[in-house]
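Enquirer: Have a look at this one.
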Amino acid sequence: MMFLELLPFMFVIEKINEHSNFLTNMTLGYNIYENYLNARMTSDAVIDLVSGGQKTVPNYSCVGQNKLLAVLEGADSEISNQISTVLSIYKMPQLHPFLRNFQLYVNYTEGIYFDENGDMAMDFDIVNWVATPNQSIIRVKVGSVERHAAEEIKFSIDQDVIVWPSWFNETQRASRCTESCPPGFTKLMKEGEALCCYDCSPCGEGTISTQEDASHCHKCPENQYPNKIRDQCVPKHITFLSHEEPLGISLNILTLFFVLITTFVLGIFIKYFDTPVVKANNRDLSYLLLISLLLSFLSSFLFIGEPREVTCLLRQTAFSIIFSVAVSSVLAKTVTVVVAFMASQPGSRMRKWLGKSLANFIVFSCSSIQVGICTLWLGISPPFPDSDMHSQTEEIVLQCNEGSVAMFYAALGYMGFLAAVCFTVAFLARKLPGAFNEAKLITFSMLVFCSVWVSFVPSYLSTKGKYMVAVQVFSILASSVGLLGCIFLPKCYIIILRPQLNTKEHLMLK
């Protein structure tokens, strides 16, 4: 440090001591040390300074009255670190706490301000040191920091007048043993090697990193998902089984076709209501079964389209009740066949069970149980519209939450129980005489019905999103077609194409 650079410091100390109102009953002094830019001499000087200046005794001050308030140094960074290391042991500041919130006026400047933290609140010039070819240094003002008696700091710099060294724009060799990890990757430290040596690991499923050399990856929000290179999150698109997409259109066309077929069959049975084929085995049950099948086809429309509160409440309950009525009607038909055969035997007491009362009781009682299950379901935990953000990576699936999964499988299980009972009774009655051969048709129809719904459960559980809805719609259509085709199409064939067989005598001969 040059002597001329010390003069302002010495002058300020002298002016402070001259004004007694600054430091009452206190006089500032100073010791100046030259370290010759040598680290060892710097350490000796610092120890000498904190020891009092006479004897170098660490952790002991030999001068009792003089108190070291602060240390000002102008060394380079390496030596400055040594000074800071020693002084930090003694918790030595740069300015003492009493040098706060006062102003000092001297002859060569407008004033020196110290804020409440003891920092000098002055305006500063930002200077660019430019080296000339003859090794001299020129100081060029390129900006300023203005905080003179002001709470806010105003910083300004003119980039155009800055002279950069020639080496500044040269490509610098990276001080590490690996390339930077690009976005979409995270640093994976190598065990036993330096911190600058690491591997790049791609971000895991559902996570991204947006910066180079990211220390970790973070998850995307629930309504977003990572792009292919996993450096940003993109919004998920909303999906559901809509009427406009190919799958929804196909199911709608199939449903309408089967509705028309069922309506046509029902019209045939109404037109030929007084013929033996229609009257055989309880005409009213045939009408009830056809209406139930028609409604089951129509219930498929509740599953297609955007889930809403009304459709979510109706789709599963309506499907369960309608199918229970249909299966109950088939069960009543089967029981009627068995009772009719048993009543035809001499001395049988089953004749009192013949008639519509037994069939009506079976349909009403079996359907009422399903109605009770669905009513309890709606009362405890009804279905509601919901969105599934996790089953599909890039989609938000709008769906109906069943509310209570247990009640859903209870309703489905009861319907399966009815189908199993109906199939068992029809199977046992399949070898009855020809006049009662409708049991064979019922056996085959319930075999198709049970096969569809047994395969439905694993298919339903293994699919996700809108395809779960498509599986259930397909199962509804397939099982309803099985009942319609196996029970009614043979009768329609006789009524329309073989009317000569539609006589009482022919049925009795069979």
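Lettering and numbering for the structure tokens are positional, with chains as A, B, ... in the shown order, residues counted from 1 in each chain, and ligands counted from 1 in the shown order.
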Name all residues at most 12 Å from Asp213 in chain A (count only C-alpha atoms; drop same-chain ones fewer than 2 positions away) and give them as an NGL selection string.

Expert: :A and (178-189 or 196-203 or 209-211 or 215-217)

Enquirer: So that I can see what lies close to Cys450 in chain A, please list as a PDB file with C-alpha atoms, in the first residue's frame the residues with an atom at most 9 Å from it, counting only C-alpha atoms and leaving out residues fewer than 5 positions away in the same chain.

Expert:
```pdb
ATOM      1  CA  GLY A 416     -74.776 -63.321 -11.343  1.00  0.00           C
ATOM      2  CA  ALA A 419     -78.222 -66.107 -13.687  1.00  0.00           C
ATOM      3  CA  ALA A 420     -76.528 -69.114 -12.067  1.00  0.00           C
ATOM      4  CA  PHE A 423     -78.964 -71.745 -15.703  1.00  0.00           C
ATOM      5  CA  SER A 445     -79.199 -68.419 -23.593  1.00  0.00           C
ATOM      6  CA  SER A 455     -65.310 -62.875 -18.731  1.00  0.00           C
ATOM      7  CA  SER A 479     -75.533 -60.668 -22.955  1.00  0.00           C
TER       8      SER A 479
END
```

Enquirer: Nearest to Phe258 in chain A among A:Ile79, A:Leu293, A:Val310, A:Ile496, with distances taken over only C-alpha atoms: which residue is it?

Expert: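 The closest residue to Phe258 in chain A is A:Leu293.
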
Enquirer: Identify, with DSSP run on backbone atoms, the residues in range 238-470 of chain A assigned to strand (DSSP E or B), and express the list as a list in words.

Expert: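 Reading the DSSP output for range 238-470 of chain A, strand (DSSP E or B) covers Ile238, Thr239, Phe384, Pro385, Asp386, Ser387, Asp388, Glu395, Ile396, Val397, Leu398, Gln399, Cys400 and Asn401 of chain A.
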
Enquirer: Need to verify the contact set: Met446 in chain A, 9 Å, only C-alpha atoms, exclusion of same-chain residues closer than 3 positions in sequence. Can you return it as a ChimeraX atom specification?

Expert: /A:327,330,419-420,422-423,426,441-443,449-451,479,482-483,486
